[in-house]
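Shown next: final_23.tsv, given as TSV, C-alpha atoms.
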```tsv
chain	number	residue	atom	x	y	z
A	1	GLY	CA	320.50	164.90	56.99
A	2	LEU	CA	317.85	166.01	59.47
A	3	PRO	CA	318.70	167.59	62.83
A	4	SER	CA	317.89	165.34	65.78
A	5	SER	CA	314.54	165.65	67.48
A	6	VAL	CA	314.56	166.50	71.15
A	7	CYS	CA	311.97	166.33	73.89
A	8	PHE	CA	312.13	167.78	77.37
A	9	VAL	CA	309.81	166.22	79.94
A	10	LEU	CA	308.54	168.49	82.68
A	11	THR	CA	306.91	166.72	85.63
A	12	GLY	CA	304.89	167.84	88.60
A	13	LYS	CA	302.99	166.10	91.37
A	14	SER	CA	299.95	165.27	89.22
A	15	ASP	CA	300.86	166.00	85.59
A	16	ARG	CA	303.63	166.07	83.05
A	17	ALA	CA	304.35	168.16	79.95
A	18	PHE	CA	306.59	167.74	76.94
A	19	VAL	CA	308.46	170.43	75.03
A	20	SER	CA	309.54	169.02	71.68
A	21	CYS	CA	311.34	169.71	68.41
A	22	TYR	CA	309.88	167.32	65.83
A	23	SER	CA	312.45	167.30	62.98
A	24	THR	CA	313.18	163.54	62.77
A	25	THR	CA	309.91	162.64	64.51
A	26	ASP	CA	308.00	164.14	61.57
A	27	ALA	CA	310.05	162.06	59.14
A	28	TYR	CA	309.69	158.73	61.02
A	29	SER	CA	307.45	156.19	59.29
A	30	THR	CA	306.10	152.66	59.46
A	31	ALA	CA	308.74	151.69	56.89
A	32	ASP	CA	311.45	152.70	59.40
A	33	ILE	CA	310.03	150.27	61.96
A	34	GLU	CA	309.50	147.49	59.41
A	35	GLU	CA	313.13	147.88	58.35
A	36	LYS	CA	314.26	147.09	61.92
A	37	ALA	CA	311.55	144.52	62.76
A	38	ALA	CA	314.09	141.72	63.31
A	39	ALA	CA	315.26	143.58	66.43
A	40	LEU	CA	311.94	142.61	68.04
A	41	ASP	CA	312.55	138.88	67.67
A	42	GLY	CA	312.21	137.32	71.11
A	43	CYS	CA	310.64	140.44	72.64
A	44	CYS	CA	307.53	140.14	74.77
A	45	HIS	CA	306.42	143.80	74.69
A	46	PHE	CA	306.15	146.61	72.13
A	47	HIS	CA	305.78	150.22	73.33
A	48	VAL	CA	304.89	153.29	71.29
A	49	GLY	CA	305.74	156.59	72.92
A	50	GLY	CA	304.55	159.95	71.64
A	51	TYR	CA	301.88	158.55	69.32
A	52	PHE	CA	300.29	161.89	68.42
A	53	ASN	CA	303.73	163.21	67.44
A	54	LEU	CA	304.43	160.23	65.15
A	55	LYS	CA	302.16	161.01	62.19
A	56	GLY	CA	304.07	158.52	60.02
A	57	LEU	CA	302.82	155.66	62.21
A	58	GLN	CA	299.17	156.63	62.04
A	59	ASN	CA	298.20	154.40	59.12
A	60	PRO	CA	296.89	150.90	58.33
A	61	LYS	CA	300.42	149.56	57.67
A	62	PHE	CA	301.40	150.37	61.26
A	63	THR	CA	298.20	148.77	62.53
A	64	ASP	CA	299.17	145.61	60.63
A	65	PHE	CA	302.66	145.80	62.14
A	66	VAL	CA	301.18	145.97	65.66
A	67	ARG	CA	298.85	143.07	64.83
A	68	GLY	CA	301.96	141.11	63.83
A	69	CYS	CA	303.59	141.91	67.18
A	70	ARG	CA	300.51	140.64	69.00
A	71	ALA	CA	300.47	137.50	66.83
A	72	LYS	CA	304.01	136.83	68.07
A	73	GLY	CA	302.73	137.01	71.66
A	74	MET	CA	303.80	140.57	72.48
A	75	THR	CA	301.78	142.90	74.65
A	76	VAL	CA	301.44	146.47	73.43
A	77	SER	CA	301.49	149.77	75.29
A	78	LEU	CA	300.82	153.24	73.96
A	79	ASN	CA	301.70	156.67	75.34
A	80	THR	CA	299.77	159.19	73.27
A	81	GLN	CA	301.22	162.40	74.72
A	82	TYR	CA	299.35	165.65	74.12
A	83	ASP	CA	297.76	166.12	70.69
A	84	ALA	CA	298.93	169.52	69.49
A	85	SER	CA	296.25	169.44	66.78
A	86	GLU	CA	293.66	168.83	69.52
A	87	ALA	CA	291.76	166.39	67.26
A	88	TRP	CA	292.59	163.50	69.66
A	89	THR	CA	291.95	160.77	67.08
A	90	GLY	CA	295.20	160.62	65.11
A	91	GLU	CA	295.56	161.06	61.37
A	92	GLY	CA	292.39	159.94	59.64
A	93	GLY	CA	290.99	158.69	62.95
A	94	HIS	CA	293.76	156.08	63.28
A	95	LEU	CA	293.62	155.98	67.09
A	96	ARG	CA	290.24	154.22	66.80
A	97	GLU	CA	291.93	151.53	64.69
A	98	ILE	CA	294.91	150.94	66.98
A	99	MET	CA	293.22	151.12	70.40
A	100	PRO	CA	291.74	147.59	70.34
A	101	LEU	CA	295.31	146.27	70.02
A	102	VAL	CA	296.62	148.21	73.04
A	103	ASP	CA	297.00	146.40	76.38
A	104	LEU	CA	298.20	149.40	78.39
A	105	LEU	CA	297.45	153.05	77.66
A	106	PHE	CA	299.57	155.78	79.26
A	107	VAL	CA	297.70	159.11	79.45
A	108	ASN	CA	297.18	161.83	82.01
A	109	ALA	CA	293.72	162.93	83.13
A	110	ASN	CA	293.51	165.71	80.53
A	111	GLU	CA	294.52	163.41	77.68
A	112	ALA	CA	292.13	160.68	78.86
A	113	GLU	CA	289.20	163.09	78.95
A	114	ARG	CA	289.95	164.50	75.51
A	115	ILE	CA	290.58	161.12	73.87
A	116	ALA	CA	287.38	159.70	75.35
A	117	GLY	CA	285.45	162.76	74.18
A	118	ALA	CA	286.84	162.47	70.66
A	119	LEU	CA	286.42	158.70	70.33
A	120	LEU	CA	283.13	158.27	72.18
A	121	GLY	CA	281.52	161.60	71.31
A	122	GLY	CA	279.63	163.89	73.58
A	123	GLY	CA	282.73	164.85	75.52
A	124	ARG	CA	285.54	167.33	75.28
A	125	GLY	CA	287.69	166.25	72.34
A	126	GLY	CA	289.43	169.49	71.52
A	127	GLY	CA	289.43	172.99	72.75
A	128	GLU	CA	291.25	174.68	75.55
A	129	GLY	CA	293.39	172.97	78.10
A	130	GLY	CA	296.88	172.52	79.32
A	131	GLY	CA	299.51	170.53	77.47
A	132	GLY	CA	300.13	166.94	78.37
```

Could you render the structure as structure tokens?
Amino acid sequence: GLPSSVCFVLTGKSDRAFVSCYSTTDAYSTADIEEKAAALDGCCHFHVGGYFNLKGLQNPKFTDFVRGCRAKGMTVSLNTQYDASEAWTGEGGHLREIMPLVDLLFVNANEAERIAGALLGGGRGGGEGGGG
């Protein structure tokens, strides 16, 4: 019964931005992925797009799910997108937990700087800056 989420991607020569409505994105959870896990049988790669928008995946159960994908021989990629909360670590610091399982990280320069600052300290984690 939720309206569909929508995301518009705006791209330029050196950056991209997303304009989103999060209705179903906010409701999406690890249980939704676990329910459809059989669809991944035979796959060699698992990609998560819009990580910071998917609060329902930022938990230990999702980390275990990703570990299971890796145990089946899958590589994992992650596109964080811009963190509207500007915390840059995910719910409860979950990004720290999932990053060691990621083979390929998709971020722009702004996101990379802010994530590194938040995870490694001493840098720019939050604050001002353009959307990703």

Open item on the list: Using Å and a single decimal, report how far CA of Phe106 in chain A sits from CA of Lys13 in chain A.
Closed with: 16.3 Å

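Reported to one decimal place, the separation of CA of Pro60 in chain A from CA of Pro100 in chain A is 13.5 Å.
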
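Here CA of Ala71 in chain A stands at a distance of 20.2 Å from CA of Asp32 in chain A.
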
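Nearest to Thr24 in chain A of all the residues A:Gly49, A:Gly93, A:Gly42, A:Gly56 is A:Gly56, based on only C-alpha atoms.
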
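Around the coordinate (316.0, 167.1, 62.8), residues that reach within 9 Å when counting only C-alpha atoms are Gly1, Leu2, Pro3, Ser4, Ser5, Val6, Cys21, Tyr22, Ser23, Thr24, Thr25, Asp26 and Ala27 of chain A.
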
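Comparing the minimum interatomic distances between Phe18 in chain A and each of A:Glu97, A:Asp41, A:Glu113, A:Asp83, counting only C-alpha atoms, we find that A:Asp83 sits nearest.
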
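Each of A:Asn59, A:Ser20, A:Thr80, A:Thr30 was checked against His94 in chain A using only C-alpha atoms; the smallest atom-to-atom distance is that of A:Asn59.
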
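Of the residues under consideration (A:Ser77, A:Tyr28, A:Cys7, A:Lys36), A:Tyr28 shows the shortest atom-to-atom contact distance to Gln58 in chain A when counting all atoms listed in the file.
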
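Of the residues under consideration (A:Glu35, A:Asp64, A:Glu91, A:Glu86), A:Glu86 shows the shortest atom-to-atom contact distance to Glu111 in chain A when counting only C-alpha atoms.
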
Task: Closest of A:Glu34, A:Gln81, A:Phe52, A:Leu10 to Asn108 in chain A - atom-to-atom distances counting all atoms listed in the file - done: A:Gln81

TODO: Excluding Leu101 in chain A and residues on its chain fewer than 6 positions from it, collect all residues at most 10 Å away from it, counting only C-alpha atoms, and give them as a list in words.
DONE: Thr63, Val66, Arg67, Cys69, Arg70, Thr75, Val76, Ser77 and Leu78 of chain A

Taking (291.4, 156.4, 72.6) as a centre in this file's frame and 10 Å as the limit, can you find every polymer residue with an atom that close, using all atoms listed in the file, and give them as a PDB file with C-alpha atoms, keeping the file's coordinate frame?
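Result written to point-v3.pdb:
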```
ATOM      1  CA  THR A  80     299.770 159.190  73.270  1.00  0.00           C
ATOM      2  CA  TRP A  88     292.590 163.500  69.660  1.00  0.00           C
ATOM      3  CA  THR A  89     291.950 160.770  67.080  1.00  0.00           C
ATOM      4  CA  GLY A  90     295.200 160.620  65.110  1.00  0.00           C
ATOM      5  CA  GLY A  93     290.990 158.690  62.950  1.00  0.00           C
ATOM      6  CA  HIS A  94     293.760 156.080  63.280  1.00  0.00           C
ATOM      7  CA  LEU A  95     293.620 155.980  67.090  1.00  0.00           C
ATOM      8  CA  ARG A  96     290.240 154.220  66.800  1.00  0.00           C
ATOM      9  CA  GLU A  97     291.930 151.530  64.690  1.00  0.00           C
ATOM     10  CA  ILE A  98     294.910 150.940  66.980  1.00  0.00           C
ATOM     11  CA  MET A  99     293.220 151.120  70.400  1.00  0.00           C
ATOM     12  CA  PRO A 100     291.740 147.590  70.340  1.00  0.00           C
ATOM     13  CA  VAL A 102     296.620 148.210  73.040  1.00  0.00           C
ATOM     14  CA  LEU A 105     297.450 153.050  77.660  1.00  0.00           C
ATOM     15  CA  VAL A 107     297.700 159.110  79.450  1.00  0.00           C
ATOM     16  CA  GLU A 111     294.520 163.410  77.680  1.00  0.00           C
ATOM     17  CA  ALA A 112     292.130 160.680  78.860  1.00  0.00           C
ATOM     18  CA  GLU A 113     289.200 163.090  78.950  1.00  0.00           C
ATOM     19  CA  ARG A 114     289.950 164.500  75.510  1.00  0.00           C
ATOM     20  CA  ILE A 115     290.580 161.120  73.870  1.00  0.00           C
ATOM     21  CA  ALA A 116     287.380 159.700  75.350  1.00  0.00           C
ATOM     22  CA  GLY A 117     285.450 162.760  74.180  1.00  0.00           C
ATOM     23  CA  ALA A 118     286.840 162.470  70.660  1.00  0.00           C
ATOM     24  CA  LEU A 119     286.420 158.700  70.330  1.00  0.00           C
ATOM     25  CA  LEU A 120     283.130 158.270  72.180  1.00  0.00           C
TER      26      LEU A 120
END
```
